[in-house]
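Peer 1: Please read through the structure below; I'll follow up with questions.
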Amino acid sequence: MEDVITQWGDALVRLGYRYLADATEAQDIAQEALTRYYQHWKRTQEPPSIGWLYTVARHLAIDEQRRRARQRGLAAAESVRTPGFEDRVDNALAVEMIREQLAPLDQLCLWLFYDEGYSLHEIAALVKKSPASIRVRLMRARRRFAQK
């Protein structure tokens with residue numbers, strides 16, 4: 001388990017930070033994902049894939065985003081708007097909406113490739129798919145963004 005923490009802990013924190021923009025919350029997401037990884041491993045007697053770990057961390061971060069949005073409410077978001085801020089928010093929301101329409105595996109592949117800098121072969125090994133299928137997934141995802 002220490003190997004998993006050493007190898008993937010920082011990447012999980014970066015994933016959480018990407019969604020939450022809060023280092024403490026990102027560390028909490030990584031810790032919870034690793035805890036669930038360990039519990040799954042203990043229950044099934046075999047370690048889950050790293051793709052599974054990333055998916056769990058991503059879902060935890062999204063859940064936290066939703067919780068925050070409910071707490072803040074729309075009025076609080078309106079009070080912090082500045083010139084140019086609205087355009088950035090609109091662009092970020094548009095990207096997020098397109099990304100959410102992608103299959104979970106496609107979302108993970110995009111994140112690993114563009115945000116984490118993994119190669120096609122590394123991603124293929126993580127998600128147990130061929131490099132060619134990862135290349136096709138990335139190509140289709142890019143087309144989806146270009147259409148919007």
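Ordering of the structure tokens sets the chain letters (A, B, ...), residue numbers begin anew at 1 in every chain, and ligands are numbered from 1 in the order given.
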Taking the DSSP secondary structure from the backbone, can you list the residues of chain A that are helix (DSSP H, G or I), as a PyMOL selection string?
Peer 2: chain A and resi 2-20+23-44+50-79+85-101+104-115+120-127+131-147
Peer 1: Could the residues in this selection be saved with C-alpha atoms as a short mmCIF file (atom, residue, chain, number, x, y, z; two decimals), in the first residue's frame?
Peer 2:
```cif
data_model
loop_
_atom_site.label_atom_id
_atom_site.label_comp_id
_atom_site.auth_asym_id
_atom_site.auth_seq_id
_atom_site.Cartn_x
_atom_site.Cartn_y
_atom_site.Cartn_z
CA GLU A 2 2.91 2.35 0.72
CA ASP A 3 4.03 1.92 -2.89
CA VAL A 4 0.61 3.03 -4.13
CA ILE A 5 0.65 6.07 -1.85
CA THR A 6 4.18 6.99 -2.92
CA GLN A 7 3.52 6.47 -6.60
CA TRP A 8 0.00 7.91 -6.95
CA GLY A 9 -0.61 10.15 -3.92
CA ASP A 10 0.71 13.36 -5.48
CA ALA A 11 -1.21 12.76 -8.73
CA LEU A 12 -4.41 12.27 -6.74
CA VAL A 13 -3.80 15.52 -4.86
CA ARG A 14 -3.28 17.32 -8.21
CA LEU A 15 -6.52 15.81 -9.51
CA GLY A 16 -8.39 17.01 -6.43
CA TYR A 17 -6.81 20.46 -6.71
CA ARG A 18 -7.81 20.69 -10.36
CA TYR A 19 -11.43 20.29 -9.36
CA LEU A 20 -11.46 22.15 -6.05
CA ALA A 23 -4.89 22.22 -1.36
CA THR A 24 -6.36 20.96 1.92
CA GLU A 25 -9.51 19.66 0.26
CA ALA A 26 -7.41 18.09 -2.49
CA GLN A 27 -5.36 16.23 0.12
CA ASP A 28 -8.58 15.05 1.78
CA ILE A 29 -9.84 13.74 -1.57
CA ALA A 30 -6.58 11.87 -2.16
CA GLN A 31 -6.66 10.40 1.35
CA GLU A 32 -10.27 9.25 0.99
CA ALA A 33 -9.59 7.72 -2.45
CA LEU A 34 -6.58 5.83 -1.08
CA THR A 35 -8.63 4.65 1.90
CA ARG A 36 -11.29 3.30 -0.44
CA TYR A 37 -8.58 1.69 -2.57
CA TYR A 38 -7.25 -0.11 0.51
CA GLN A 39 -10.74 -1.17 1.62
CA HIS A 40 -11.52 -2.53 -1.84
CA TRP A 41 -8.19 -4.38 -1.92
CA LYS A 42 -8.83 -5.86 1.52
CA ARG A 43 -12.38 -6.91 0.59
CA THR A 44 -11.56 -8.46 -2.80
CA ILE A 50 -5.09 2.66 -10.94
CA GLY A 51 -7.87 3.75 -13.31
CA TRP A 52 -10.33 2.72 -10.60
CA LEU A 53 -8.40 4.84 -8.10
CA TYR A 54 -8.50 7.91 -10.36
CA THR A 55 -12.21 7.42 -11.00
CA VAL A 56 -12.95 7.25 -7.28
CA ALA A 57 -10.89 10.40 -6.64
CA ARG A 58 -12.63 12.23 -9.48
CA HIS A 59 -16.07 11.28 -8.18
CA LEU A 60 -15.15 12.41 -4.68
CA ALA A 61 -13.97 15.77 -6.04
CA ILE A 62 -17.14 16.23 -8.08
CA ASP A 63 -19.25 15.41 -5.03
CA GLU A 64 -17.35 18.05 -3.06
CA GLN A 65 -17.89 20.60 -5.85
CA ARG A 66 -21.62 19.93 -5.73
CA ARG A 67 -21.68 20.23 -1.94
CA ARG A 68 -19.87 23.56 -2.15
CA ALA A 69 -22.22 24.85 -4.84
CA ARG A 70 -25.24 24.02 -2.72
CA GLN A 71 -23.70 25.81 0.27
CA ARG A 72 -22.69 28.93 -1.61
CA GLY A 73 -25.80 29.38 -3.62
CA LEU A 74 -26.07 31.55 -6.66
CA ALA A 75 -26.17 34.84 -4.72
CA ALA A 76 -22.67 34.37 -3.33
CA ALA A 77 -21.27 33.60 -6.79
CA GLU A 78 -22.82 36.79 -8.21
CA SER A 79 -21.20 38.95 -5.53
CA PHE A 85 -14.47 36.94 -14.72
CA GLU A 86 -17.80 36.05 -16.30
CA ASP A 87 -16.15 35.13 -19.61
CA ARG A 88 -13.64 32.87 -17.85
CA VAL A 89 -16.41 31.22 -15.89
CA ASP A 90 -18.50 30.75 -19.04
CA ASN A 91 -15.55 29.17 -20.86
CA ALA A 92 -14.74 26.91 -17.92
CA LEU A 93 -18.37 25.85 -17.66
CA ALA A 94 -18.56 25.14 -21.38
CA VAL A 95 -15.44 22.98 -21.21
CA GLU A 96 -16.78 21.19 -18.16
CA MET A 97 -20.15 20.57 -19.84
CA ILE A 98 -18.48 19.05 -22.89
CA ARG A 99 -16.16 17.00 -20.71
CA GLU A 100 -19.07 15.67 -18.67
CA GLN A 101 -20.72 14.42 -21.86
CA PRO A 104 -15.79 8.38 -17.82
CA LEU A 105 -12.87 6.53 -19.39
CA ASP A 106 -12.51 9.24 -22.04
CA GLN A 107 -12.50 11.90 -19.32
CA LEU A 108 -9.80 10.02 -17.45
CA CYS A 109 -7.70 9.59 -20.61
CA LEU A 110 -7.94 13.31 -21.39
CA TRP A 111 -6.91 14.26 -17.88
CA LEU A 112 -3.98 11.83 -17.81
CA PHE A 113 -2.77 12.89 -21.25
CA TYR A 114 -3.17 16.68 -21.08
CA ASP A 115 -3.02 17.51 -17.39
CA LEU A 120 -0.45 6.86 -24.75
CA HIS A 121 1.39 3.72 -23.64
CA GLU A 122 1.33 4.73 -19.98
CA ILE A 123 -2.38 5.49 -20.11
CA ALA A 124 -3.05 2.22 -21.91
CA ALA A 125 -1.23 0.31 -19.19
CA LEU A 126 -3.14 2.12 -16.44
CA VAL A 127 -6.59 1.52 -17.89
CA PRO A 131 -2.47 2.35 -27.05
CA ALA A 132 -4.45 2.44 -30.31
CA SER A 133 -7.76 2.53 -28.44
CA ILE A 134 -6.44 5.35 -26.22
CA ARG A 135 -5.38 7.30 -29.31
CA VAL A 136 -8.90 6.86 -30.78
CA ARG A 137 -10.52 7.94 -27.49
CA LEU A 138 -8.39 11.09 -27.38
CA MET A 139 -9.09 11.87 -31.05
CA ARG A 140 -12.86 11.53 -30.54
CA ALA A 141 -12.75 13.69 -27.42
CA ARG A 142 -10.80 16.41 -29.27
CA ARG A 143 -13.37 16.31 -32.09
CA ARG A 144 -16.16 16.72 -29.56
CA PHE A 145 -14.48 19.86 -28.21
CA ALA A 146 -13.87 21.22 -31.73
CA GLN A 147 -17.55 20.80 -32.63
#
```
